[in-house]
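*Asks:* My structure is stored as protein_2.cif, with mmCIF, N, CA and C atoms.
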```cif
data_target
loop_
_atom_site.label_atom_id
_atom_site.label_comp_id
_atom_site.auth_asym_id
_atom_site.auth_seq_id
_atom_site.Cartn_x
_atom_site.Cartn_y
_atom_site.Cartn_z
N MET A 29 -64.17 -69.62 -31.33
CA MET A 29 -64.72 -70.20 -32.53
C MET A 29 -63.91 -69.69 -33.72
N SER A 30 -63.51 -70.56 -34.60
CA SER A 30 -62.70 -70.17 -35.75
C SER A 30 -63.56 -69.50 -36.80
N ASP A 31 -62.91 -68.77 -37.73
CA ASP A 31 -63.63 -68.09 -38.79
C ASP A 31 -64.42 -69.07 -39.65
N SER A 32 -63.85 -70.23 -39.94
CA SER A 32 -64.55 -71.17 -40.82
C SER A 32 -65.80 -71.72 -40.16
N SER A 33 -65.77 -71.98 -38.86
CA SER A 33 -66.97 -72.47 -38.21
C SER A 33 -68.01 -71.37 -38.06
N ALA A 34 -67.55 -70.13 -37.87
CA ALA A 34 -68.49 -69.01 -37.79
C ALA A 34 -69.18 -68.82 -39.14
N ALA A 35 -68.41 -68.93 -40.21
CA ALA A 35 -68.98 -68.76 -41.55
C ALA A 35 -69.99 -69.85 -41.86
N SER A 36 -69.72 -71.05 -41.40
CA SER A 36 -70.62 -72.15 -41.73
C SER A 36 -71.96 -72.04 -41.00
N THR A 37 -72.03 -71.25 -39.94
CA THR A 37 -73.29 -71.09 -39.22
C THR A 37 -74.10 -69.91 -39.75
N ARG A 38 -73.58 -69.16 -40.68
CA ARG A 38 -74.29 -68.02 -41.24
C ARG A 38 -75.33 -68.52 -42.24
N THR A 39 -76.55 -68.14 -41.99
CA THR A 39 -77.63 -68.56 -42.86
C THR A 39 -78.54 -67.37 -43.15
N LEU A 40 -79.25 -67.48 -44.25
CA LEU A 40 -80.23 -66.49 -44.63
C LEU A 40 -81.48 -67.23 -45.05
N HIS A 41 -82.59 -66.86 -44.47
CA HIS A 41 -83.88 -67.46 -44.83
C HIS A 41 -84.75 -66.36 -45.41
N LEU A 42 -85.42 -66.68 -46.51
CA LEU A 42 -86.29 -65.71 -47.17
C LEU A 42 -87.71 -66.25 -47.23
N ARG A 43 -88.66 -65.37 -46.97
CA ARG A 43 -90.07 -65.69 -47.16
C ARG A 43 -90.62 -64.62 -48.08
N ILE A 44 -91.21 -65.04 -49.18
CA ILE A 44 -91.66 -64.11 -50.21
C ILE A 44 -93.18 -64.06 -50.20
N SER A 45 -93.70 -62.85 -50.12
CA SER A 45 -95.14 -62.62 -50.15
C SER A 45 -95.47 -61.80 -51.39
N LYS A 46 -96.29 -62.38 -52.28
CA LYS A 46 -96.65 -61.70 -53.52
C LYS A 46 -98.08 -61.21 -53.45
N ASN A 47 -98.27 -59.94 -53.78
CA ASN A 47 -99.58 -59.32 -53.89
C ASN A 47 -99.64 -58.64 -55.24
N PRO A 48 -100.82 -58.32 -55.73
CA PRO A 48 -100.89 -57.62 -57.02
C PRO A 48 -100.09 -56.31 -56.99
N GLY A 49 -99.08 -56.22 -57.83
CA GLY A 49 -98.27 -55.02 -57.93
C GLY A 49 -97.21 -54.83 -56.87
N ALA A 50 -97.12 -55.76 -55.92
CA ALA A 50 -96.13 -55.59 -54.84
C ALA A 50 -95.64 -56.94 -54.33
N VAL A 51 -94.36 -56.98 -54.03
CA VAL A 51 -93.74 -58.18 -53.46
C VAL A 51 -92.98 -57.75 -52.22
N THR A 52 -93.14 -58.52 -51.15
CA THR A 52 -92.36 -58.28 -49.93
C THR A 52 -91.52 -59.52 -49.67
N VAL A 53 -90.24 -59.30 -49.43
CA VAL A 53 -89.32 -60.38 -49.10
C VAL A 53 -88.89 -60.19 -47.65
N TYR A 54 -89.28 -61.13 -46.80
CA TYR A 54 -88.92 -61.09 -45.39
C TYR A 54 -87.61 -61.85 -45.23
N CYS A 55 -86.59 -61.17 -44.73
CA CYS A 55 -85.25 -61.74 -44.62
C CYS A 55 -84.95 -62.03 -43.15
N ARG A 56 -84.38 -63.21 -42.89
CA ARG A 56 -84.03 -63.59 -41.52
C ARG A 56 -82.65 -64.22 -41.51
N GLY A 57 -81.80 -63.78 -40.60
CA GLY A 57 -80.46 -64.36 -40.46
C GLY A 57 -79.38 -63.35 -40.74
N ASP A 58 -78.34 -63.80 -41.41
CA ASP A 58 -77.18 -62.97 -41.73
C ASP A 58 -77.13 -62.73 -43.23
N LEU A 59 -76.93 -61.49 -43.62
CA LEU A 59 -76.77 -61.16 -45.03
C LEU A 59 -75.31 -60.84 -45.26
N THR A 60 -74.53 -61.90 -45.53
CA THR A 60 -73.08 -61.80 -45.65
C THR A 60 -72.62 -62.41 -46.97
N ALA A 61 -71.33 -62.33 -47.21
CA ALA A 61 -70.75 -62.85 -48.45
C ALA A 61 -71.13 -64.31 -48.71
N GLU A 62 -71.23 -65.09 -47.64
CA GLU A 62 -71.52 -66.52 -47.80
C GLU A 62 -72.92 -66.79 -48.34
N VAL A 63 -73.85 -65.85 -48.14
CA VAL A 63 -75.24 -66.10 -48.52
C VAL A 63 -75.85 -65.02 -49.40
N ALA A 64 -75.10 -63.99 -49.74
CA ALA A 64 -75.64 -62.88 -50.53
C ALA A 64 -76.17 -63.33 -51.89
N ASP A 65 -75.54 -64.33 -52.48
CA ASP A 65 -76.01 -64.84 -53.77
C ASP A 65 -77.43 -65.40 -53.68
N LEU A 66 -77.78 -65.97 -52.54
CA LEU A 66 -79.13 -66.50 -52.35
C LEU A 66 -80.15 -65.37 -52.49
N LEU A 67 -79.89 -64.24 -51.85
CA LEU A 67 -80.81 -63.11 -51.96
C LEU A 67 -80.92 -62.66 -53.41
N ARG A 68 -79.80 -62.49 -54.05
CA ARG A 68 -79.81 -62.04 -55.44
C ARG A 68 -80.55 -63.03 -56.33
N ASP A 69 -80.24 -64.31 -56.21
CA ASP A 69 -80.84 -65.34 -57.08
C ASP A 69 -82.35 -65.48 -56.88
N GLU A 70 -82.82 -65.26 -55.65
CA GLU A 70 -84.25 -65.40 -55.37
C GLU A 70 -85.04 -64.12 -55.70
N VAL A 71 -84.41 -62.97 -55.51
CA VAL A 71 -85.14 -61.72 -55.62
C VAL A 71 -85.06 -61.08 -56.99
N LYS A 72 -83.92 -61.14 -57.64
CA LYS A 72 -83.77 -60.45 -58.92
C LYS A 72 -84.82 -60.87 -59.96
N PRO A 73 -85.16 -62.16 -60.07
CA PRO A 73 -86.20 -62.54 -61.04
C PRO A 73 -87.58 -61.96 -60.72
N LEU A 74 -87.82 -61.53 -59.51
CA LEU A 74 -89.11 -60.96 -59.13
C LEU A 74 -89.27 -59.52 -59.62
N ILE A 75 -88.17 -58.83 -59.83
CA ILE A 75 -88.21 -57.40 -60.17
C ILE A 75 -89.03 -57.11 -61.42
N PRO A 76 -88.85 -57.83 -62.52
CA PRO A 76 -89.64 -57.49 -63.70
C PRO A 76 -91.13 -57.82 -63.57
N THR A 77 -91.50 -58.55 -62.52
CA THR A 77 -92.89 -58.99 -62.37
C THR A 77 -93.72 -58.08 -61.46
N THR A 78 -93.11 -57.02 -60.91
CA THR A 78 -93.83 -56.19 -59.95
C THR A 78 -93.42 -54.73 -60.08
N LYS A 79 -94.24 -53.85 -59.55
CA LYS A 79 -93.92 -52.41 -59.53
C LYS A 79 -93.24 -52.01 -58.23
N SER A 80 -93.40 -52.84 -57.19
CA SER A 80 -92.86 -52.49 -55.88
C SER A 80 -92.31 -53.73 -55.20
N LEU A 81 -91.05 -53.65 -54.79
CA LEU A 81 -90.39 -54.74 -54.08
C LEU A 81 -89.88 -54.18 -52.76
N THR A 82 -90.29 -54.82 -51.67
CA THR A 82 -89.88 -54.39 -50.34
C THR A 82 -89.06 -55.49 -49.70
N LEU A 83 -87.88 -55.13 -49.21
CA LEU A 83 -87.06 -56.05 -48.44
C LEU A 83 -87.26 -55.71 -46.97
N ASP A 84 -87.88 -56.61 -46.24
CA ASP A 84 -88.12 -56.41 -44.81
C ASP A 84 -86.94 -57.03 -44.05
N LEU A 85 -86.14 -56.18 -43.43
CA LEU A 85 -84.92 -56.62 -42.77
C LEU A 85 -85.07 -56.75 -41.25
N THR A 86 -86.30 -56.89 -40.79
CA THR A 86 -86.57 -56.98 -39.35
C THR A 86 -85.67 -57.99 -38.66
N GLU A 87 -85.49 -59.15 -39.26
CA GLU A 87 -84.77 -60.23 -38.60
C GLU A 87 -83.35 -60.45 -39.13
N ILE A 88 -82.78 -59.41 -39.75
CA ILE A 88 -81.38 -59.50 -40.17
C ILE A 88 -80.50 -59.17 -38.96
N ARG A 89 -79.66 -60.11 -38.59
CA ARG A 89 -78.77 -59.92 -37.43
C ARG A 89 -77.49 -59.21 -37.83
N LEU A 90 -77.00 -59.50 -39.04
CA LEU A 90 -75.69 -59.04 -39.47
C LEU A 90 -75.70 -58.83 -40.97
N MET A 91 -75.10 -57.73 -41.42
CA MET A 91 -74.93 -57.49 -42.85
C MET A 91 -73.51 -57.00 -43.08
N ASP A 92 -72.83 -57.59 -44.08
CA ASP A 92 -71.50 -57.11 -44.43
C ASP A 92 -71.56 -56.39 -45.77
N SER A 93 -70.40 -56.02 -46.30
CA SER A 93 -70.35 -55.25 -47.54
C SER A 93 -70.90 -56.04 -48.73
N SER A 94 -70.77 -57.35 -48.72
CA SER A 94 -71.32 -58.16 -49.81
C SER A 94 -72.85 -58.14 -49.77
N GLY A 95 -73.40 -58.22 -48.58
CA GLY A 95 -74.85 -58.12 -48.44
C GLY A 95 -75.36 -56.76 -48.89
N LEU A 96 -74.65 -55.72 -48.49
CA LEU A 96 -75.01 -54.38 -48.90
C LEU A 96 -74.89 -54.22 -50.41
N GLY A 97 -73.82 -54.76 -50.98
CA GLY A 97 -73.63 -54.70 -52.43
C GLY A 97 -74.77 -55.39 -53.17
N THR A 98 -75.25 -56.49 -52.65
CA THR A 98 -76.36 -57.21 -53.27
C THR A 98 -77.62 -56.35 -53.23
N ILE A 99 -77.87 -55.71 -52.11
CA ILE A 99 -79.05 -54.84 -52.01
C ILE A 99 -78.95 -53.69 -52.99
N VAL A 100 -77.78 -53.09 -53.12
CA VAL A 100 -77.59 -51.99 -54.06
C VAL A 100 -77.81 -52.48 -55.50
N LYS A 101 -77.30 -53.66 -55.83
CA LYS A 101 -77.52 -54.21 -57.18
C LYS A 101 -79.00 -54.44 -57.44
N LEU A 102 -79.73 -54.93 -56.45
CA LEU A 102 -81.18 -55.12 -56.60
C LEU A 102 -81.88 -53.78 -56.79
N TYR A 103 -81.43 -52.77 -56.05
CA TYR A 103 -82.00 -51.43 -56.18
C TYR A 103 -81.80 -50.88 -57.60
N VAL A 104 -80.59 -51.04 -58.12
CA VAL A 104 -80.29 -50.55 -59.47
C VAL A 104 -81.10 -51.34 -60.51
N SER A 105 -81.19 -52.64 -60.34
CA SER A 105 -82.00 -53.46 -61.26
C SER A 105 -83.45 -53.01 -61.24
N GLY A 106 -83.94 -52.69 -60.05
CA GLY A 106 -85.32 -52.21 -59.92
C GLY A 106 -85.53 -50.91 -60.65
N ARG A 107 -84.63 -49.97 -60.44
CA ARG A 107 -84.76 -48.67 -61.12
C ARG A 107 -84.75 -48.84 -62.63
N THR A 108 -83.90 -49.71 -63.12
CA THR A 108 -83.80 -49.96 -64.55
C THR A 108 -85.10 -50.56 -65.10
N SER A 109 -85.76 -51.38 -64.27
CA SER A 109 -86.98 -52.08 -64.70
C SER A 109 -88.26 -51.33 -64.34
N GLY A 110 -88.16 -50.18 -63.72
CA GLY A 110 -89.35 -49.44 -63.32
C GLY A 110 -90.01 -49.99 -62.06
N CYS A 111 -89.22 -50.66 -61.24
CA CYS A 111 -89.71 -51.24 -59.99
C CYS A 111 -89.06 -50.49 -58.83
N THR A 112 -89.86 -50.08 -57.87
CA THR A 112 -89.35 -49.42 -56.68
C THR A 112 -88.86 -50.47 -55.70
N VAL A 113 -87.59 -50.40 -55.31
CA VAL A 113 -87.03 -51.33 -54.33
C VAL A 113 -86.80 -50.54 -53.04
N SER A 114 -87.41 -51.01 -51.96
CA SER A 114 -87.26 -50.31 -50.70
C SER A 114 -86.90 -51.26 -49.57
N LEU A 115 -86.29 -50.68 -48.55
CA LEU A 115 -85.91 -51.42 -47.34
C LEU A 115 -86.78 -50.94 -46.20
N VAL A 116 -87.24 -51.86 -45.38
CA VAL A 116 -87.98 -51.48 -44.18
C VAL A 116 -87.45 -52.27 -43.00
N ASN A 117 -87.66 -51.69 -41.83
CA ASN A 117 -87.34 -52.35 -40.56
C ASN A 117 -85.88 -52.75 -40.42
N PHE A 118 -84.98 -51.87 -40.84
CA PHE A 118 -83.57 -52.20 -40.64
C PHE A 118 -83.13 -51.74 -39.26
N ASN A 119 -82.26 -52.55 -38.66
CA ASN A 119 -81.81 -52.27 -37.30
C ASN A 119 -80.69 -51.22 -37.29
N ARG A 120 -80.22 -50.90 -36.10
CA ARG A 120 -79.20 -49.85 -35.95
C ARG A 120 -77.92 -50.20 -36.68
N ARG A 121 -77.49 -51.45 -36.63
CA ARG A 121 -76.24 -51.83 -37.33
C ARG A 121 -76.35 -51.63 -38.83
N VAL A 122 -77.48 -52.04 -39.40
CA VAL A 122 -77.69 -51.85 -40.85
C VAL A 122 -77.76 -50.36 -41.16
N ARG A 123 -78.45 -49.62 -40.31
CA ARG A 123 -78.54 -48.16 -40.50
C ARG A 123 -77.15 -47.53 -40.49
N GLU A 124 -76.30 -47.95 -39.56
CA GLU A 124 -74.94 -47.41 -39.49
C GLU A 124 -74.14 -47.77 -40.74
N LEU A 125 -74.29 -49.00 -41.23
CA LEU A 125 -73.59 -49.42 -42.45
C LEU A 125 -74.06 -48.57 -43.64
N LEU A 126 -75.37 -48.35 -43.74
CA LEU A 126 -75.89 -47.49 -44.80
C LEU A 126 -75.36 -46.07 -44.67
N GLY A 127 -75.25 -45.59 -43.44
CA GLY A 127 -74.73 -44.25 -43.20
C GLY A 127 -73.26 -44.11 -43.57
N MET A 128 -72.46 -45.10 -43.19
CA MET A 128 -71.02 -45.06 -43.50
C MET A 128 -70.75 -45.07 -45.00
N THR A 129 -71.64 -45.68 -45.76
CA THR A 129 -71.45 -45.80 -47.20
C THR A 129 -72.25 -44.75 -47.98
N ASN A 130 -72.80 -43.79 -47.24
CA ASN A 130 -73.60 -42.71 -47.84
C ASN A 130 -74.82 -43.23 -48.60
N LEU A 131 -75.32 -44.38 -48.21
CA LEU A 131 -76.52 -44.94 -48.85
C LEU A 131 -77.77 -44.73 -48.00
N LEU A 132 -77.59 -44.23 -46.80
CA LEU A 132 -78.74 -44.05 -45.92
C LEU A 132 -79.77 -43.13 -46.55
N ARG A 133 -79.32 -42.05 -47.18
CA ARG A 133 -80.28 -41.12 -47.78
C ARG A 133 -81.05 -41.77 -48.92
N VAL A 134 -80.46 -42.76 -49.59
CA VAL A 134 -81.17 -43.47 -50.65
C VAL A 134 -82.28 -44.34 -50.05
N PHE A 135 -81.97 -45.04 -48.97
CA PHE A 135 -82.92 -45.98 -48.40
C PHE A 135 -83.73 -45.44 -47.23
N GLU A 136 -83.32 -44.35 -46.63
CA GLU A 136 -84.01 -43.84 -45.45
C GLU A 136 -85.45 -43.45 -45.78
N THR A 137 -85.67 -42.80 -46.90
CA THR A 137 -87.03 -42.39 -47.24
C THR A 137 -87.92 -43.59 -47.53
N CYS A 138 -87.32 -44.69 -47.94
CA CYS A 138 -88.11 -45.90 -48.17
C CYS A 138 -88.78 -46.36 -46.89
N GLY A 139 -88.06 -46.23 -45.80
CA GLY A 139 -88.56 -46.76 -44.54
C GLY A 139 -89.27 -45.75 -43.66
N ASP A 140 -89.53 -44.54 -44.18
CA ASP A 140 -90.14 -43.52 -43.33
C ASP A 140 -91.44 -43.98 -42.68
N HIS A 141 -92.22 -44.76 -43.37
CA HIS A 141 -93.53 -45.14 -42.84
C HIS A 141 -93.49 -46.41 -42.03
N THR A 142 -92.56 -47.33 -42.35
CA THR A 142 -92.61 -48.62 -41.67
C THR A 142 -91.30 -49.05 -41.04
N ALA A 143 -90.25 -48.29 -41.23
CA ALA A 143 -88.96 -48.72 -40.69
C ALA A 143 -88.90 -48.50 -39.19
N ARG A 144 -88.26 -49.41 -38.53
CA ARG A 144 -88.01 -49.30 -37.11
C ARG A 144 -86.64 -48.65 -36.96
N MET A 145 -86.63 -47.36 -36.70
CA MET A 145 -85.37 -46.62 -36.62
C MET A 145 -84.98 -46.46 -35.17
N PRO A 146 -83.82 -47.02 -34.78
CA PRO A 146 -83.38 -46.89 -33.39
C PRO A 146 -82.99 -45.46 -33.06
#
```
Translate this structure into structure tokens?
*Replies:*
Amino acid sequence: MSDSSAASTRTLHLRISKNPGAVTVYCRGDLTAEVADLLRDEVKPLIPTTKSLTLDLTEIRLMDSSGLGTIVKLYVSGRTSGCTVSLVNFNRRVRELLGMTNLLRVFETCGDHTARMP
């Protein structure tokens, strides 16, 4: 399969659950350069409206540096706005990516209670 056809099959689906003071975004698919803007465009406007934003990565199959960069930007936007941004249920590949970039310690405590750590 060529790179262009592989890229065209990469998709990201988001389901947003809003509760008083908390928003959970359930992510499914691939969080890559081709779709990272979707996450940013859908989630960033939610940050000023809540105190707690959780990204549930249970169904993320693949994340690249662009996806990681988007998550970091959302985290920084949250801190600036007084909103806690946390990751839960990240798989081993995402955990390794966070570890290689020294971001695991930032996000690891977020998932202590609900993350599925391999």
*Asks:* Check the DSSP output for the backbone and give back, as a ChimeraX atom specification, the residues of chain A in alpha helix (DSSP H).
*Replies:* /A:31-36,64-71,93-109,120-128,132-136
*Asks:* Excluding Leu85 in chain A and residues on its chain fewer than 3 positions from it, collect all residues at most 5 Å away from it, counting all atoms listed in the file, and give them as a list in words.
*Replies:*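 The filter keeps Ile88, Val116, Asn117 and Phe118 of chain A.
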*Asks:* Would you mind reading off the distance between CA of Leu42 in chain A and CA of Arg123 in chain A, one decimal, in Å?
*Replies:*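 Between CA of Leu42 in chain A and CA of Arg123 in chain A the gap works out to 20.3 Å.
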*Asks:* Could you check the closest approach to Leu59 in chain A for each of A:Thr82, A:Ser93, A:Thr77, A:Ser45 and tell me which residue wins, using only N, CA and C atoms?
*Replies:*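 Of A:Thr82, A:Ser93, A:Thr77, A:Ser45, the one nearest Leu59 in chain A, counting only N, CA and C atoms, is A:Ser93.
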*Asks:* The PyMOL selection byres ((chain A and resi 54) around 7) - which residues does that actually catch in the file I just gave you? List them as a list in words.
*Replies:* His41, Leu42, Arg43, Ile44, Ser45, Thr52, Val53, Cys55, Arg56, Thr82, Leu83, Asp84, Leu85, Thr86 and Glu87 of chain A
*Asks:* What is the distance, in Å and to one decimal place, between CA of Gly97 in chain A and CA of Lys79 in chain A?
*Replies:*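 Computed distance, CA of Gly97 in chain A to CA of Lys79 in chain A, equals 21.6 Å.
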*Asks:* Val100 in chain A: which residues within 10 Å, counting only C-alpha atoms, same-chain residues fewer than 5 positions away excluded, as a count of residues only?
*Replies:* 8
*Asks:* In Å, how far is it from CA of Asp65 in chain A to CA of Arg107 in chain A?
*Replies:*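 Pair CA of Asp65 in chain A / CA of Arg107 in chain A returns 19.8 Å.
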*Asks:* Mind checking DSSP for chain A and telling me the strand (DSSP E or B) residues as JSON, numbers by chain?
*Replies:* {"A": [40, 41, 42, 43, 44, 45, 46, 47, 50, 51, 52, 53, 54, 55, 56, 57, 58, 59, 80, 81, 82, 83, 84, 85, 86, 87, 88, 89, 90, 91, 112, 113, 114, 115, 116]}
*Asks:* Save the residues we just selected, N, CA and C atoms, as a compact mmCIF listing (two decimals), keeping the file's coordinate frame?
*Replies:*
```txt
# COMPACT_ATOMS: atom_id res chain seq x y z
N LEU A 40 -79.25 -67.48 -44.25
CA LEU A 40 -80.23 -66.49 -44.63
C LEU A 40 -81.48 -67.23 -45.05
N HIS A 41 -82.59 -66.86 -44.47
CA HIS A 41 -83.88 -67.46 -44.83
C HIS A 41 -84.75 -66.36 -45.41
N LEU A 42 -85.42 -66.68 -46.51
CA LEU A 42 -86.29 -65.71 -47.17
C LEU A 42 -87.71 -66.25 -47.23
N ARG A 43 -88.66 -65.37 -46.97
CA ARG A 43 -90.07 -65.69 -47.16
C ARG A 43 -90.62 -64.62 -48.08
N ILE A 44 -91.21 -65.04 -49.18
CA ILE A 44 -91.66 -64.11 -50.21
C ILE A 44 -93.18 -64.06 -50.20
N SER A 45 -93.70 -62.85 -50.12
CA SER A 45 -95.14 -62.62 -50.15
C SER A 45 -95.47 -61.80 -51.39
N LYS A 46 -96.29 -62.38 -52.28
CA LYS A 46 -96.65 -61.70 -53.52
C LYS A 46 -98.08 -61.21 -53.45
N ASN A 47 -98.27 -59.94 -53.78
CA ASN A 47 -99.58 -59.32 -53.89
C ASN A 47 -99.64 -58.64 -55.24
N ALA A 50 -97.12 -55.76 -55.92
CA ALA A 50 -96.13 -55.59 -54.84
C ALA A 50 -95.64 -56.94 -54.33
N VAL A 51 -94.36 -56.98 -54.03
CA VAL A 51 -93.74 -58.18 -53.46
C VAL A 51 -92.98 -57.75 -52.22
N THR A 52 -93.14 -58.52 -51.15
CA THR A 52 -92.36 -58.28 -49.93
C THR A 52 -91.52 -59.52 -49.67
N VAL A 53 -90.24 -59.30 -49.43
CA VAL A 53 -89.32 -60.38 -49.10
C VAL A 53 -88.89 -60.19 -47.65
N TYR A 54 -89.28 -61.13 -46.80
CA TYR A 54 -88.92 -61.09 -45.39
C TYR A 54 -87.61 -61.85 -45.23
N CYS A 55 -86.59 -61.17 -44.73
CA CYS A 55 -85.25 -61.74 -44.62
C CYS A 55 -84.95 -62.03 -43.15
N ARG A 56 -84.38 -63.21 -42.89
CA ARG A 56 -84.03 -63.59 -41.52
C ARG A 56 -82.65 -64.22 -41.51
N GLY A 57 -81.80 -63.78 -40.60
CA GLY A 57 -80.46 -64.36 -40.46
C GLY A 57 -79.38 -63.35 -40.74
N ASP A 58 -78.34 -63.80 -41.41
CA ASP A 58 -77.18 -62.97 -41.73
C ASP A 58 -77.13 -62.73 -43.23
N LEU A 59 -76.93 -61.49 -43.62
CA LEU A 59 -76.77 -61.16 -45.03
C LEU A 59 -75.31 -60.84 -45.26
N SER A 80 -93.40 -52.84 -57.19
CA SER A 80 -92.86 -52.49 -55.88
C SER A 80 -92.31 -53.73 -55.20
N LEU A 81 -91.05 -53.65 -54.79
CA LEU A 81 -90.39 -54.74 -54.08
C LEU A 81 -89.88 -54.18 -52.76
N THR A 82 -90.29 -54.82 -51.67
CA THR A 82 -89.88 -54.39 -50.34
C THR A 82 -89.06 -55.49 -49.70
N LEU A 83 -87.88 -55.13 -49.21
CA LEU A 83 -87.06 -56.05 -48.44
C LEU A 83 -87.26 -55.71 -46.97
N ASP A 84 -87.88 -56.61 -46.24
CA ASP A 84 -88.12 -56.41 -44.81
C ASP A 84 -86.94 -57.03 -44.05
N LEU A 85 -86.14 -56.18 -43.43
CA LEU A 85 -84.92 -56.62 -42.77
C LEU A 85 -85.07 -56.75 -41.25
N THR A 86 -86.30 -56.89 -40.79
CA THR A 86 -86.57 -56.98 -39.35
C THR A 86 -85.67 -57.99 -38.66
N GLU A 87 -85.49 -59.15 -39.26
CA GLU A 87 -84.77 -60.23 -38.60
C GLU A 87 -83.35 -60.45 -39.13
N ILE A 88 -82.78 -59.41 -39.75
CA ILE A 88 -81.38 -59.50 -40.17
C ILE A 88 -80.50 -59.17 -38.96
N ARG A 89 -79.66 -60.11 -38.59
CA ARG A 89 -78.77 -59.92 -37.43
C ARG A 89 -77.49 -59.21 -37.83
N LEU A 90 -77.00 -59.50 -39.04
CA LEU A 90 -75.69 -59.04 -39.47
C LEU A 90 -75.70 -58.83 -40.97
N MET A 91 -75.10 -57.73 -41.42
CA MET A 91 -74.93 -57.49 -42.85
C MET A 91 -73.51 -57.00 -43.08
N THR A 112 -89.86 -50.08 -57.87
CA THR A 112 -89.35 -49.42 -56.68
C THR A 112 -88.86 -50.47 -55.70
N VAL A 113 -87.59 -50.40 -55.31
CA VAL A 113 -87.03 -51.33 -54.33
C VAL A 113 -86.80 -50.54 -53.04
N SER A 114 -87.41 -51.01 -51.96
CA SER A 114 -87.26 -50.31 -50.70
C SER A 114 -86.90 -51.26 -49.57
N LEU A 115 -86.29 -50.68 -48.55
CA LEU A 115 -85.91 -51.42 -47.34
C LEU A 115 -86.78 -50.94 -46.20
N VAL A 116 -87.24 -51.86 -45.38
CA VAL A 116 -87.98 -51.48 -44.18
C VAL A 116 -87.45 -52.27 -43.00
```
*Asks:* From the list A:Lys72, A:Arg121, A:Lys46, A:Arg133, which residue is nearest Val104 in chain A when using only C-alpha atoms?
*Replies:*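 Under the stated criterion, the closest residue is A:Lys72.
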*Asks:* Set up a box along x, y and z of the file covering all listed atoms of range 77-81 of chain A, add 6 Å on every one of the six sides, and write the centre and edge lengths in Å to one decimal, as lines of an AutoDock Vina configuration file.
*Replies:*
```
center_x = -92.1
center_y = -55.5
center_z = -57.6
size_x = 16.4
size_y = 19.0
size_z = 21.8
```
*Asks:* Between A:Leu40, A:Gly49, A:Leu66, A:Thr78, single out the one closest to Ser109 in chain A, counting all atoms listed in the file.
*Replies:*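 Comparing A:Leu40, A:Gly49, A:Leu66, A:Thr78 against Ser109 in chain A, the winner is A:Thr78.
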*Asks:* Nearest to Ile99 in chain A among A:Thr112, A:Leu67, A:Asn119, A:Pro48, with distances taken over only N, CA and C atoms: which residue is it?
*Replies:*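 Checking each candidate against Ile99 in chain A, we get A:Leu67 as the closest.
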*Asks:* Which one of A:Ile75, A:Leu132, A:Cys111, A:Ala61 sits closest to Asp92 in chain A if you count all atoms listed in the file?
*Replies:*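 The answer is A:Ala61, which sits nearest to Asp92 in chain A.
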*Asks:* With distances taken over all atoms listed in the file, which of A:Leu96, A:Leu81, A:Leu90, A:Met128 is nearest to Leu115 in chain A?
*Replies:*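 Under the stated criterion, the closest residue is A:Leu81.
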